[in-house]
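With PDB, C-alpha atoms (C1' of nucleotides) inside, this is start-v8.pdb:
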ATOM      1  CA  MET A  17      -8.899  -5.028  -3.278  1.00  0.00           C
ATOM      2  CA  VAL A  18      -6.969  -2.085  -1.972  1.00  0.00           C
ATOM      3  CA  TYR A  19      -9.700  -1.179   0.447  1.00  0.00           C
ATOM      4  CA  GLU A  20      -9.813  -4.709   1.829  1.00  0.00           C
ATOM      5  CA  VAL A  21      -6.109  -4.706   2.555  1.00  0.00           C
ATOM      6  CA  VAL A  22      -6.102  -1.262   4.100  1.00  0.00           C
ATOM      7  CA  LYS A  23      -8.974  -2.279   6.343  1.00  0.00           C
ATOM      8  CA  LEU A  24      -6.813  -5.152   7.570  1.00  0.00           C
ATOM      9  CA  ILE A  25      -4.070  -2.874   8.825  1.00  0.00           C
ATOM     10  CA  PRO A  26      -3.880  -3.324  12.598  1.00  0.00           C
ATOM     11  CA  VAL A  27      -4.216  -0.312  14.845  1.00  0.00           C
ATOM     12  CA  GLY A  28      -0.930   1.295  15.699  1.00  0.00           C
ATOM     13  CA  LYS A  29       0.642   0.054  12.485  1.00  0.00           C
ATOM     14  CA  VAL A  30       1.218   1.517   9.063  1.00  0.00           C
ATOM     15  CA  THR A  31       2.097   0.255   5.621  1.00  0.00           C
ATOM     16  CA  SER A  32       3.217   1.659   2.330  1.00  0.00           C
ATOM     17  CA  TYR A  33       1.585   1.923  -1.049  1.00  0.00           C
ATOM     18  CA  GLY A  34       4.303  -0.240  -2.490  1.00  0.00           C
ATOM     19  CA  ALA A  35       3.705  -2.935   0.115  1.00  0.00           C
ATOM     20  CA  ILE A  36       0.016  -3.039  -0.713  1.00  0.00           C
ATOM     21  CA  ALA A  37       0.727  -3.012  -4.419  1.00  0.00           C
ATOM     22  CA  ASN A  38       3.141  -5.862  -3.914  1.00  0.00           C
ATOM     23  CA  PHE A  39       0.571  -7.822  -1.942  1.00  0.00           C
ATOM     24  CA  LEU A  40      -2.037  -7.275  -4.609  1.00  0.00           C
ATOM     25  CA  GLY A  41       0.381  -8.410  -7.246  1.00  0.00           C
ATOM     26  CA  THR A  42       0.439  -5.019  -8.906  1.00  0.00           C
ATOM     27  CA  LYS A  43       3.930  -4.484  -7.587  1.00  0.00           C
ATOM     28  CA  GLY A  44       5.695  -1.558  -9.106  1.00  0.00           C
ATOM     29  CA  SER A  45       2.397   0.217  -9.465  1.00  0.00           C
ATOM     30  CA  ALA A  46       2.346   1.861  -6.091  1.00  0.00           C
ATOM     31  CA  ARG A  47       0.831   4.888  -7.780  1.00  0.00           C
ATOM     32  CA  MET A  48      -2.222   2.851  -8.634  1.00  0.00           C
ATOM     33  CA  VAL A  49      -2.647   2.070  -4.971  1.00  0.00           C
ATOM     34  CA  GLY A  50      -2.436   5.728  -4.168  1.00  0.00           C
ATOM     35  CA  TRP A  51      -4.883   6.416  -6.923  1.00  0.00           C
ATOM     36  CA  ALA A  52      -7.228   3.804  -5.480  1.00  0.00           C
ATOM     37  CA  MET A  53      -6.832   5.322  -2.063  1.00  0.00           C
ATOM     38  CA  ASN A  54      -7.806   8.669  -3.422  1.00  0.00           C
ATOM     39  CA  ALA A  55     -11.151   7.160  -4.250  1.00  0.00           C
ATOM     40  CA  ALA A  56     -11.216   5.214  -0.992  1.00  0.00           C
ATOM     41  CA  HIS A  57     -10.156   7.817   1.520  1.00  0.00           C
ATOM     42  CA  ASN A  58     -13.679   9.131   1.491  1.00  0.00           C
ATOM     43  CA  LEU A  59     -14.972   5.819   2.752  1.00  0.00           C
ATOM     44  CA  HIS A  60     -14.952   6.025   6.508  1.00  0.00           C
ATOM     45  CA  ASN A  61     -14.271   2.310   6.830  1.00  0.00           C
ATOM     46  CA  VAL A  62     -10.916   2.658   5.101  1.00  0.00           C
ATOM     47  CA  PRO A  63      -8.181   3.897   7.451  1.00  0.00           C
ATOM     48  CA  ALA A  64      -6.149   5.618   4.772  1.00  0.00           C
ATOM     49  CA  HIS A  65      -4.250   7.483   7.460  1.00  0.00           C
ATOM     50  CA  ARG A  66      -2.397   4.249   8.162  1.00  0.00           C
ATOM     51  CA  VAL A  67      -1.043   4.184   4.653  1.00  0.00           C
ATOM     52  CA  VAL A  68       2.069   6.219   4.061  1.00  0.00           C
ATOM     53  CA  ASN A  69       4.837   6.237   1.519  1.00  0.00           C
ATOM     54  CA  ARG A  70       8.038   4.231   1.759  1.00  0.00           C
ATOM     55  CA  ASN A  71       9.729   6.999   3.705  1.00  0.00           C
ATOM     56  CA  GLY A  72       7.019   7.007   6.336  1.00  0.00           C
ATOM     57  CA  LEU A  73       5.995  10.405   5.129  1.00  0.00           C
ATOM     58  CA  LEU A  74       2.327  11.358   5.303  1.00  0.00           C
ATOM     59  CA  THR A  75       2.248  12.405   1.692  1.00  0.00           C
ATOM     60  CA  GLY A  76      -1.473  11.858   1.408  1.00  0.00           C
ATOM     61  CA  LYS A  77      -2.470  13.915   4.412  1.00  0.00           C
ATOM     62  CA  ASN A  78      -3.091  16.733   2.031  1.00  0.00           C
ATOM     63  CA  HIS A  79      -5.971  14.821   0.522  1.00  0.00           C
ATOM     64  CA  PHE A  80      -7.912  14.406   3.692  1.00  0.00           C
ATOM     65  CA  GLU A  81     -10.725  16.660   4.667  1.00  0.00           C
ATOM     66  CA  ASP A  82      -8.570  17.693   7.568  1.00  0.00           C
ATOM     67  CA  PRO A  83      -4.852  16.991   7.020  1.00  0.00           C
ATOM     68  CA  ASP A  84      -3.967  17.662  10.628  1.00  0.00           C
ATOM     69  CA  ARG A  85      -6.351  14.969  11.720  1.00  0.00           C
ATOM     70  CA  MET A  86      -4.315  12.266   9.981  1.00  0.00           C
ATOM     71  CA  GLN A  87      -1.307  12.874  12.172  1.00  0.00           C
ATOM     72  CA  GLU A  88      -3.516  13.283  15.164  1.00  0.00           C
ATOM     73  CA  MET A  89      -5.250   9.977  14.546  1.00  0.00           C
ATOM     74  CA  LEU A  90      -1.963   8.149  14.074  1.00  0.00           C
ATOM     75  CA  SER A  91      -0.569   9.592  17.263  1.00  0.00           C
ATOM     76  CA  LYS A  92      -3.741   8.622  19.027  1.00  0.00           C
ATOM     77  CA  GLU A  93      -3.338   5.060  17.777  1.00  0.00           C
ATOM     78  CA  GLY A  94       0.172   4.831  19.109  1.00  0.00           C
ATOM     79  CA  VAL A  95       2.189   5.822  16.072  1.00  0.00           C
ATOM     80  CA  ILE A  96       4.703   8.554  16.719  1.00  0.00           C
ATOM     81  CA  VAL A  97       4.480  11.150  13.993  1.00  0.00           C
ATOM     82  CA  LYS A  98       6.748  14.154  13.773  1.00  0.00           C
ATOM     83  CA  GLU A  99       6.661  16.778  11.069  1.00  0.00           C
ATOM     84  CA  ASP A 100       4.334  14.623   8.966  1.00  0.00           C
ATOM     85  CA  GLN A 101       6.837  11.831   9.235  1.00  0.00           C
ATOM     86  CA  ILE A 102       6.527   8.579  11.166  1.00  0.00           C
ATOM     87  CA  GLN A 103       9.256   7.937  13.697  1.00  0.00           C
ATOM     88  CA  ASP A 104      10.774   4.456  13.889  1.00  0.00           C
ATOM     89  CA  LEU A 105       8.915   3.484  10.746  1.00  0.00           C
ATOM     90  CA  THR A 106      10.397  -0.017  10.699  1.00  0.00           C
ATOM     91  CA  LYS A 107       8.909  -0.504  14.142  1.00  0.00           C
ATOM     92  CA  TYR A 108       5.390   0.336  13.001  1.00  0.00           C
ATOM     93  CA  PHE A 109       5.645  -0.922   9.471  1.00  0.00           C
ATOM     94  CA  TRP A 110       3.188  -3.636   8.566  1.00  0.00           C
ATOM     95  CA  ASP A 111       3.660  -5.497   5.321  1.00  0.00           C
ATOM     96  CA  PRO A 112       0.512  -7.406   4.231  1.00  0.00           C
ATOM     97  CA  ALA A 113       2.453  -9.564   1.793  1.00  0.00           C
ATOM     98  CA  LYS A 114       4.518 -10.662   4.743  1.00  0.00           C
ATOM     99  CA  GLU A 115       2.208 -10.555   7.743  1.00  0.00           C
ATOM    100  CA  LEU A 116      -0.726 -12.167   5.989  1.00  0.00           C
ATOM    101  CA  GLU A 117       1.451 -14.900   4.560  1.00  0.00           C
ATOM    102  CA  LEU A 118       2.098 -16.352   7.974  1.00  0.00           C
TER     103      LEU A 118
ATOM    104  C1'  DA B  11      -3.623   8.732 -30.351  1.00  0.00           C
ATOM    105  C1'  DG B  12      -0.265  11.781 -27.788  1.00  0.00           C
ATOM    106  C1'  DC B  13       1.045  14.438 -23.630  1.00  0.00           C
ATOM    107  C1'  DA B  14       1.002  15.626 -18.803  1.00  0.00           C
ATOM    108  C1'  DT B  15       0.133  14.339 -14.042  1.00  0.00           C
ATOM    109  C1'  DG B  16      -0.220  11.735  -9.694  1.00  0.00           C
ATOM    110  C1'  DA B  17      -1.430   9.513  -1.962  1.00  0.00           C
ATOM    111  C1'  DC B  18       5.055   5.872  -5.197  1.00  0.00           C
ATOM    112  C1'  DG B  19       9.454   3.361  -5.536  1.00  0.00           C
ATOM    113  C1'  DA B  20      13.841   1.983  -6.905  1.00  0.00           C
ATOM    114  C1'  DA B  21      18.238   2.828  -8.983  1.00  0.00           C
ATOM    115  C1'  DC B  22      22.080   5.816  -9.680  1.00  0.00           C
ATOM    116  C1'  DA B  23      25.434   9.733  -9.222  1.00  0.00           C
TER     117       DA B  23
ATOM    118  C1'  DG C 178      21.575  11.582   2.923  1.00  0.00           C
ATOM    119  C1'  DT C 179      20.082  14.382  -1.278  1.00  0.00           C
ATOM    120  C1'  DG C 180      18.786  15.323  -6.061  1.00  0.00           C
ATOM    121  C1'  DT C 181      17.553  13.314 -10.560  1.00  0.00           C
ATOM    122  C1'  DT C 182      15.628  10.014 -13.752  1.00  0.00           C
ATOM    123  C1'  DC C 183      12.842   6.258 -15.173  1.00  0.00           C
ATOM    124  C1'  DG C 184       9.129   2.855 -14.656  1.00  0.00           C
ATOM    125  C1'  DC C 185       4.570   2.167 -13.363  1.00  0.00           C
ATOM    126  C1'  DC C 186      -0.558   2.556 -15.388  1.00  0.00           C
ATOM    127  C1'  DA C 187      -5.086   4.910 -14.838  1.00  0.00           C
ATOM    128  C1'  DT C 188      -7.154   9.555 -15.735  1.00  0.00           C
ATOM    129  C1'  DG C 189      -8.009  13.849 -18.001  1.00  0.00           C
ATOM    130  C1'  DC C 190      -7.256  17.180 -21.768  1.00  0.00           C
TER     131       DC C 190
END

Take the structure in the file and give it back as structure tokens.
Amino acid sequence: MVYEVVKLIPVGKVTSYGAIANFLGTKGSARMVGWAMNAAHNLHNVPAHRVVNRNGLLTGKNHFEDPDRMQEMLSKEGVIVKEDQIQDLTKYFWDPAKELEL
DNA sequence: AGCATGACGAACA
DNA sequence: GTGTTCGCCATGC
């Protein structure tokens, strides 16, 4: 489920573990989403770099093969990242439970 | 079964 | 805005 949602994240946007958890119904269990991502990040079809924590911090960059690439990819997709932190997070934030409900 | 840990989040001081 | 604590629940020892 997690993978499916993450794959739906539009380019240039990001979401949070909590948002995904909420969308999946496992709200409150954001850690489970992160845990799922840990197993998913290896799958090339899952843009885990677009998933950050609530603070817009690239907490999971450390788990990528190349941490620096996460920020690079985001920047390349139009998301401004500074010091491992997304700038104007609210502007790039994409909540599946909200966007997909439309 | 119990204890510690983790890509998190929210509440509280 | 920052630091701490608790809840969450799957995993590993």

Open item on the list: What would the selection look like, as a list in words, if the PyMOL selection byres ((chain C and resi 187) around 9) were run on the coordinates I just shared?
Closed with: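 After applying the PyMOL selection byres ((chain C and resi 187) around 9), what remains is Met48 and Trp51 of chain A; DC186 and DT188 of chain C.
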
Open item on the list: Here's the selection I'm unsure about, the PyMOL selection byres ((chain A) within 7 of (chain B)); applied to the file above, which residues does it give, as JSON, numbers by chain?
Closed with: {"A": [33, 34, 46, 47, 50, 51, 53, 54, 69, 75, 76]}

Return as JSON the box centre and box size in Å, one decimal, for an axis-aligned box around all listed atoms of chain C padded by 5 Å per side.
{"center_x": 6.8, "center_y": 9.7, "center_z": -9.4, "size_x": 39.6, "size_y": 25.0, "size_z": 34.7}

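Between CA of Asn78 in chain A and C1' of DC183 in chain C the separation is 25.7 Å.
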
Open item on the list: Which residue is closest to Ile96 in chain A? Choose from A:Leu24, A:Leu59, A:Leu74, A:Ala37 and count only C-alpha atoms.
Closed with: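 Result for the nearest residue to Ile96 in chain A: A:Leu74.
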
Task: Gap from CA of Thr106 in chain A to CA of Val18 in chain A - Å, one decimal - done: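 Straight-line distance from CA of Thr106 in chain A to CA of Val18 in chain A works out to 21.6 Å.
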
- [ ] I would like the residues chosen by the PyMOL selection byres ((chain A and resi 66) around 7) on the shown file; could you give them as a ChimeraX atom specification?
- [x] /A:29-31,63-65,67-68

Using only C-alpha atoms, please write the residues we just selected to a file, as a short mmCIF file (atom, residue, chain, number, x, y, z; two decimals), in the coordinates of the input.
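Contents of the output file selection-v6.cif:
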data_model
loop_
_atom_site.label_atom_id
_atom_site.label_comp_id
_atom_site.auth_asym_id
_atom_site.auth_seq_id
_atom_site.Cartn_x
_atom_site.Cartn_y
_atom_site.Cartn_z
CA LYS A 29 0.64 0.05 12.48
CA VAL A 30 1.22 1.52 9.06
CA THR A 31 2.10 0.26 5.62
CA PRO A 63 -8.18 3.90 7.45
CA ALA A 64 -6.15 5.62 4.77
CA HIS A 65 -4.25 7.48 7.46
CA VAL A 67 -1.04 4.18 4.65
CA VAL A 68 2.07 6.22 4.06
#

TODO: Just give me the gap between CA of Ala56 in chain A and CA of Leu105 in chain A in Å, one decimal is fine.
DONE: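 Separating CA of Ala56 in chain A from CA of Leu105 in chain A is a distance of 23.4 Å.
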
TODO: Choose the residue, out of A:Ser45, A:Ser91, A:Asn58, A:Gln103, that has the smallest atom-to-atom separation from chain C; count only C-alpha atoms (C1' of nucleotides).
DONE: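 Distance minimum relative to chain C lands on A:Ser45.
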
Task: Nearest candidate to Val27 in chain A (options A:Glu99, A:Glu93, A:Lys107, A:Pro112; using all atoms listed in the file) - done: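 Ranked by minimum distance to Val27 in chain A, first place goes to A:Glu93.
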